[in-house]
Amino acid sequence: MSEKDFAVPQKRHMGLKASKIISNTSIHILLAVISVIWLIPFVCILLQSFRVESTYQVGYVIPKQWGFDNYANLLKTDFPRWYLNTLIVALCAAVFQTFIVLCMSYALSRFRFKMRKPLMRFMLILGMFPGMLTMIILYRVLADLGMTQANAVPGLILVYIASSGMGYYVSKGFFDTIPKSLDEAARVDGATRLQVLFKIILPLSKPIVIYTILTAFMGPWGDYVFAQYVSFGTSAGKNVAVGMYGWLTNDQINKFYTSFCAGGVMVALPVTVLFMFLQKYYVEGVTGGAVKG
Amino acid sequence: MTKYSDLEYLRLSKGDKFLYRLKCFFSGIPLFFKNLILAIASAFKKLGLAVAHEAADLVNTFKNGSVPTRVSYAVMGFGSFCRGQWLRGLLFLLMEIIFIGYMILAGGYWLGMLPSLGLQGPEQVATTVTSLRGGTNTVYTTVYHDNSFRILLYGVLTLFFIVAFIYTWRVNIRQNKINDQIIRSGKKIKSAGDDMRSLVDNSFHKTLLALPLTGILIFTVMPIIFMILVAFTNYDGTHNGFSNNLFHWMGLNNFNEMLNWSSGATSYAATFGEVLVWTLIWAFFATFTNYFLGMLVAMAINKKGIHFKKGWRTILVLTIAIPQFISLLYVSKMFARSGIVNNFLMDMGWIDQAHLIKFWEDPTLARITVIIINIWIGIPYLMLITTGILMNIPADLYESAKIDGASAWQQYTKITLPYMLFVMGPYLLTSFTGNMNNFNVIYLLTGGAPTNNASSAPGTVGYTDLLITWLFKITQGAESKYYLASVVGILVFVVVAVISLVVYNLLPSIKNEEDFQ
C-alpha cells in the first residue's frame, strides 16, 4: 500500500470535521438570527415606551429623548383601573379554574364509572362548537344579572371559571402517568379516595398544578374578545386588552401610541417575571400534556 | 377493488403502496356512510327497546313492590324515608316540591310560549294627562309584554328541568326496587351516613364532578343549545325580542338565506364559500409551517455541539409569556404603511416613498403576511412540544442508520419524520381545527382587512377573515344578525366535525388509553 491510500480516509475525516464545524457555526448564526427576530418587536416596544418627543407612530426605533413620561401619563388615563380589573379577574380565575380543572381531571383519570367515556366524548364534541357563538347569550344572561359594563369584573370571573372543566386534557394526561398502584396501596391501608387525592396525588403533581395556575392566569390576563363584549360601552369595566385596543384605533393612535407601548411593558412584565421562575413547569406541562391529550 | 393480503401488500413498490392505501381510503367512504346509517338505525332501535324495557320494569316494580315503593310513585322519596335513608328521601322530596312549584308558578308559562316565542310585543300606550292650565297632553309610555329572548331561554331551561325531573323520578323508583330486593334477601340497607361516606370515597367522583359539570351545563351546553335554536329564528338587531320586535321561528329559512346560490356571486353563499376556502388554506399553512419550522428549530437547538441550548430555548419561551394582544397589535402596526418595516426598507434604500409595501391592503399579500406572522407566534410552542418528543426517539436508531451510511437528510425522512408524524398525529388534528377557529391572530392583526367590497353579506367581510372572525363581526353593530351568526357557527361545527371524524379514523396513532396507563 502506498501512502496515498492512507491519506484518503484521513482527508475525508478532516473534511467531515470541517463540515461539522461549518454546519454548527451556521446553526449558531441561524439561532442568533432567530432570537433577534423573535425579540425585535419586544425590544421596539420597550424602547418606544421611553420616547418623550412624540406620542405618535414614527419610523425610527431609538428615542431621541428618553424619559418616563409615557408611564406617568398612564396614571392620567383609566389604565390603573383596567390593570386592577384584569389583575382581580386573572387571580380569581387562576385559583378557581385550577381547583375545577384538578377535580375534573382527577375524577376522569382515576375513576371508571359508566358515564365516563360518553362524558369525555360529549365534551370533545362540545369543544368543536365555536365558543364565540355562546357569547351572545352569556352577555344577555350576565346583563340580566347586572354583571356587565361597569360591573363586568364578577361577570368575567364567572364565565372564565364556569366552563373551565372542559380544559382537563393536559392535567388528566399527567395524572394518568402517576402509577395506579400507589392509589391501590393507600386504599389497602384504609385511605379514602379523598385522602388519596390530598396525601398522594397532589404532592406528586406540583408541576401540573403550577402549569394549570400559570395558564389559567394568562388566559384572562390577555383575553380580548369576551371582555370586549361584556364591558361594551364603558371604560370602568374594561380590562387592559380592551382598553389598550382602543388606543390603537385610527382616531386615537396619534395620541396614545407610546402609551400603548408603556402599557404593554407594564402588562408583559409580571407574566414575564412569572415565566422566568416557573419556566420549568410550563415546559413540563406543554411537553407532557399536549401530545398525550 | 381487490384487497391484498399483508404479504402481497409488502411486496408492492412504494408508489403502489401509496396508491393502494389511497384506493382503500376512497373505496372505504361509501362503507363508512353505510356503517354510519346502520349505526344510527341501530341506535334508534336500541332506544326503542330501552324505552319498552323501562316501561315494563316500571309496571313490574309497581305490581311486585311493597307499599312504600308504590307510594313513591306519587310521593318521591317516601320509600327512602320509610327505610331510614332520610338524606336521599329529603333530596327526592325536595326535587318534587321544587319541580311542581316551579311548573305552576313559571314553567307552565315559558313552556306554553315556546312554540310562538311570544304573542305581544312592546306597545306604545297613550295616556291623556290634564295639565295645570287646563289643556290636555298625550303622554306615550312603552309597555312591555312578552320577551322572546327570555321565553326561548327559560323555555329550554324548563325542558331541561323536566328531563332532569323524569330521570330523578326513575332513579327514585329504581332505588325502591333495589331496597325491596335487599329486604327480601334479608340484608342491611345503606344508611344516610353510608351515603355521606361514599361521597368522599367510592363515589368521590360524583362530588368532584358535580361543580365542574354544572358549570359546563349552564355556561356551555345551555348557550350552545340556545344558539342552535336561534339559527331557526329571526333574532337580530331589529328583532331583539323585547324592546323593539319579538322574534319568531323561521324554520330552515336562515339556512336557505346563507346557502342559497341562486343570486350567484353576490349571494351570501358565495361569500361563505370564499371565507371557508381561505379558512381551510389558512388552517393548513398555519398548522404545517409551524410544525415543520418548529421541529427544525427544535432539532437545531438539540443538535450535538450547539452551545447555550438553554439560552436559545429561554429566549423563545419567554416570547410566549407576553400577551398576544400586545405583540399582535404591535406587530400589526409595524407592518402598517407608515410602520417600522416600511421605514426600515426605505432607509436601506430597497423601496422608495412611492412604493411602500401595502402589507395590509393587498389581499394576497395580507394573507401571506398573516401566515408568516403566525409562524413567529407559533414556533416557540412547537419548539417546546417537539423538543420533548425528539428526545424520546431511541438514539440507537440513528446509530445504526449512520453505520449503514444514511445521510442526515435520509435520517430525517426515514426516522425522525415518520416517528414525529406518528406521535403527533392527534396533535396536528387538534391544531388544525384550532387554527380554523384562531380568532386572536386574525382579529388582532388585520381585523379581517382588506375589506371585500364584492360581498353583500353582513359583517363587512374581508379577505383575511376566517369564519370565526366573520361570525363575530356579524354579531356587532346595529344590524347584528344573530341568526346568521348562529347559522355560520353551526356550519363551522359541521366542517370541524367532519374533518375530525375523517382524519381521526385515518390516524395510525390512536392509542388505547388503558394501554398507555
# chains A, B, ... in the order shown; residues from 1 in each chain; ligands from 1

call {"tool": "interface_residues", "arguments": {"of": "chain A", "to": "chain B", "cutoff": "6 Å", "atoms": "only C-alpha atoms", "output": "list in words"}}
result
Gly59, Ile100, Cys103, Met104, Ala107, Met128, Phe129, Thr134, Ala162, Ser163, Gly165, Asp176, Thr192, Arg193, Leu194, Gly222, Gly264, Ala268, Val271, Thr272, Thr287 and Val291 of chain A

call {"tool": "residues_around", "arguments": {"residues": "region 176-187 of chain B", "least_positions_apart": "2", "cutoff": "12 Å", "atoms": "only C-alpha atoms", "output": "PyMOL selection string"}}
result
chain B and resi 57-73+76-85+88-89+92+169-174+189-191

call {"tool": "select_by_dssp", "arguments": {"residues": "region 389-511 of chain B", "states": "helix (DSSP H, G or I)", "output": "MDAnalysis selection string"}}
result
chainID B and resid 389:392 395:403 408:436 439:445 467:474 482:506

call {"tool": "residues_around", "arguments": {"residues": "Asp78 (chain A)", "least_positions_apart": "6", "cutoff": "12 Å", "atoms": "only C-alpha atoms", "output": "PyMOL selection string"}}
result
chain A and resi 84-85+234-240+242-244+246-247+259+263

call {"tool": "residues_around", "arguments": {"residues": "Asn260 (chain B)", "least_positions_apart": "4", "cutoff": "12 Å", "atoms": "only C-alpha atoms", "output": "list in words"}}
result
Leu252, Asn253, Asn254, Phe255, Asn256, Gly264, Ala265, Thr266, Ser267, Tyr268, Ala269, Ala270, Thr271, Phe272 and Gly273 of chain B

call {"tool": "atom_distance", "arguments": {"atom1": "CA of Ser243 (chain B)", "atom2": "CA of Tyr144 (chain B)"}}
result
7.4 Å

call {"tool": "atom_distance", "arguments": {"atom1": "CA of Phe359 (chain B)", "atom2": "CA of Arg337 (chain B)"}}
result
7.3 Å

call {"tool": "residues_around", "arguments": {"residues": "Leu156 (chain A)", "least_positions_apart": "2", "cutoff": "12 Å", "atoms": "only C-alpha atoms", "output": "short mmCIF file (atom, residue, chain, number, x, y, z; two decimals) with C-alpha atoms, in the first residue's frame"}}
result
data_model
loop_
_atom_site.label_atom_id
_atom_site.label_comp_id
_atom_site.auth_asym_id
_atom_site.auth_seq_id
_atom_site.Cartn_x
_atom_site.Cartn_y
_atom_site.Cartn_z
CA ASN A 85 -59.73 44.79 36.85
CA THR A 86 -57.50 42.46 34.90
CA LEU A 87 -55.47 41.53 37.96
CA ILE A 88 -58.57 40.68 40.02
CA VAL A 89 -60.13 38.66 37.22
CA ALA A 90 -56.93 36.79 36.42
CA LEU A 91 -56.14 35.96 40.05
CA CYS A 92 -59.66 34.71 40.81
CA ALA A 93 -59.78 32.76 37.57
CA MET A 135 -71.01 34.92 23.95
CA LEU A 138 -73.83 34.77 28.02
CA TYR A 139 -73.74 38.52 27.58
CA LEU A 142 -74.95 38.48 32.58
CA ALA A 143 -76.79 41.68 31.68
CA GLY A 146 -76.37 43.08 36.37
CA MET A 147 -72.82 41.84 35.72
CA THR A 148 -71.91 43.78 32.60
CA GLN A 149 -70.50 47.17 31.67
CA ALA A 150 -69.10 48.81 34.81
CA ASN A 151 -69.70 45.64 36.84
CA ALA A 152 -68.03 43.42 34.31
CA VAL A 153 -65.45 42.01 36.71
CA PRO A 154 -67.61 39.46 38.56
CA LEU A 158 -67.95 33.73 36.49
CA VAL A 159 -67.68 32.97 32.79
CA TYR A 160 -63.96 32.17 32.83
CA ILE A 161 -64.44 29.76 35.71
CA ALA A 162 -67.71 28.15 34.74
CA SER A 163 -66.63 26.33 31.61
CA GLY A 219 -55.83 33.36 29.70
CA PRO A 220 -57.82 36.19 31.32
CA TRP A 221 -54.69 38.36 31.58
CA ASP A 223 -58.21 37.96 26.84
CA TYR A 224 -59.73 40.43 24.45
CA VAL A 225 -62.88 39.22 22.81
CA PHE A 226 -65.19 38.24 25.65
CA ALA A 227 -64.02 41.12 27.82
CA GLN A 228 -64.82 43.45 24.94
CA TYR A 229 -68.32 42.01 24.70
CA VAL A 230 -69.06 42.32 28.40
CA SER A 231 -67.59 45.76 29.08
CA GLY A 237 -65.33 47.63 33.27
CA LYS A 238 -62.62 47.17 30.67
CA ASN A 239 -59.58 45.00 31.08
#

call {"tool": "decode", "arguments": {"residues": "region 29-40 of chain A", "atoms": "N, CA and C atoms", "output": "JSON list (two decimals), in the first residue's frame"}}
result
[["chain", "number", "residue", "atom", "x", "y", "z"],
["A", 29, "ILE", "N", -25.36, 30.73, 13.98],
["A", 29, "ILE", "CA", -25.75, 32.02, 13.38],
["A", 29, "ILE", "C", -27.25, 32.05, 13.16],
["A", 30, "LEU", "N", -27.77, 30.93, 12.64],
["A", 30, "LEU", "CA", -29.22, 30.85, 12.40],
["A", 30, "LEU", "C", -29.99, 31.09, 13.70],
["A", 31, "LEU", "N", -29.55, 30.44, 14.78],
["A", 31, "LEU", "CA", -30.26, 30.60, 16.05],
["A", 31, "LEU", "C", -30.16, 32.04, 16.54],
["A", 32, "ALA", "N", -29.01, 32.65, 16.32],
["A", 32, "ALA", "CA", -28.87, 34.04, 16.74],
["A", 32, "ALA", "C", -29.83, 34.93, 15.96],
["A", 33, "VAL", "N", -29.92, 34.67, 14.65],
["A", 33, "VAL", "CA", -30.84, 35.47, 13.82],
["A", 33, "VAL", "C", -32.27, 35.26, 14.30],
["A", 34, "ILE", "N", -32.62, 33.99, 14.54],
["A", 34, "ILE", "CA", -33.98, 33.70, 15.01],
["A", 34, "ILE", "C", -34.26, 34.45, 16.31],
["A", 35, "SER", "N", -33.32, 34.38, 17.24],
["A", 35, "SER", "CA", -33.53, 35.06, 18.53],
["A", 35, "SER", "C", -33.76, 36.54, 18.32],
["A", 36, "VAL", "N", -32.96, 37.13, 17.43],
["A", 36, "VAL", "CA", -33.12, 38.56, 17.18],
["A", 36, "VAL", "C", -34.51, 38.85, 16.62],
["A", 37, "ILE", "N", -34.92, 38.04, 15.61],
["A", 37, "ILE", "CA", -36.23, 38.27, 15.00],
["A", 37, "ILE", "C", -37.32, 38.15, 16.06],
["A", 38, "TRP", "N", -37.17, 37.15, 16.93],
["A", 38, "TRP", "CA", -38.23, 36.94, 17.92],
["A", 38, "TRP", "C", -38.27, 38.05, 18.97],
["A", 39, "LEU", "N", -37.11, 38.67, 19.19],
["A", 39, "LEU", "CA", -37.08, 39.68, 20.25],
["A", 39, "LEU", "C", -37.33, 41.09, 19.73],
["A", 40, "ILE", "N", -37.15, 41.30, 18.41],
["A", 40, "ILE", "CA", -37.25, 42.67, 17.87],
["A", 40, "ILE", "C", -38.51, 43.41, 18.33]]
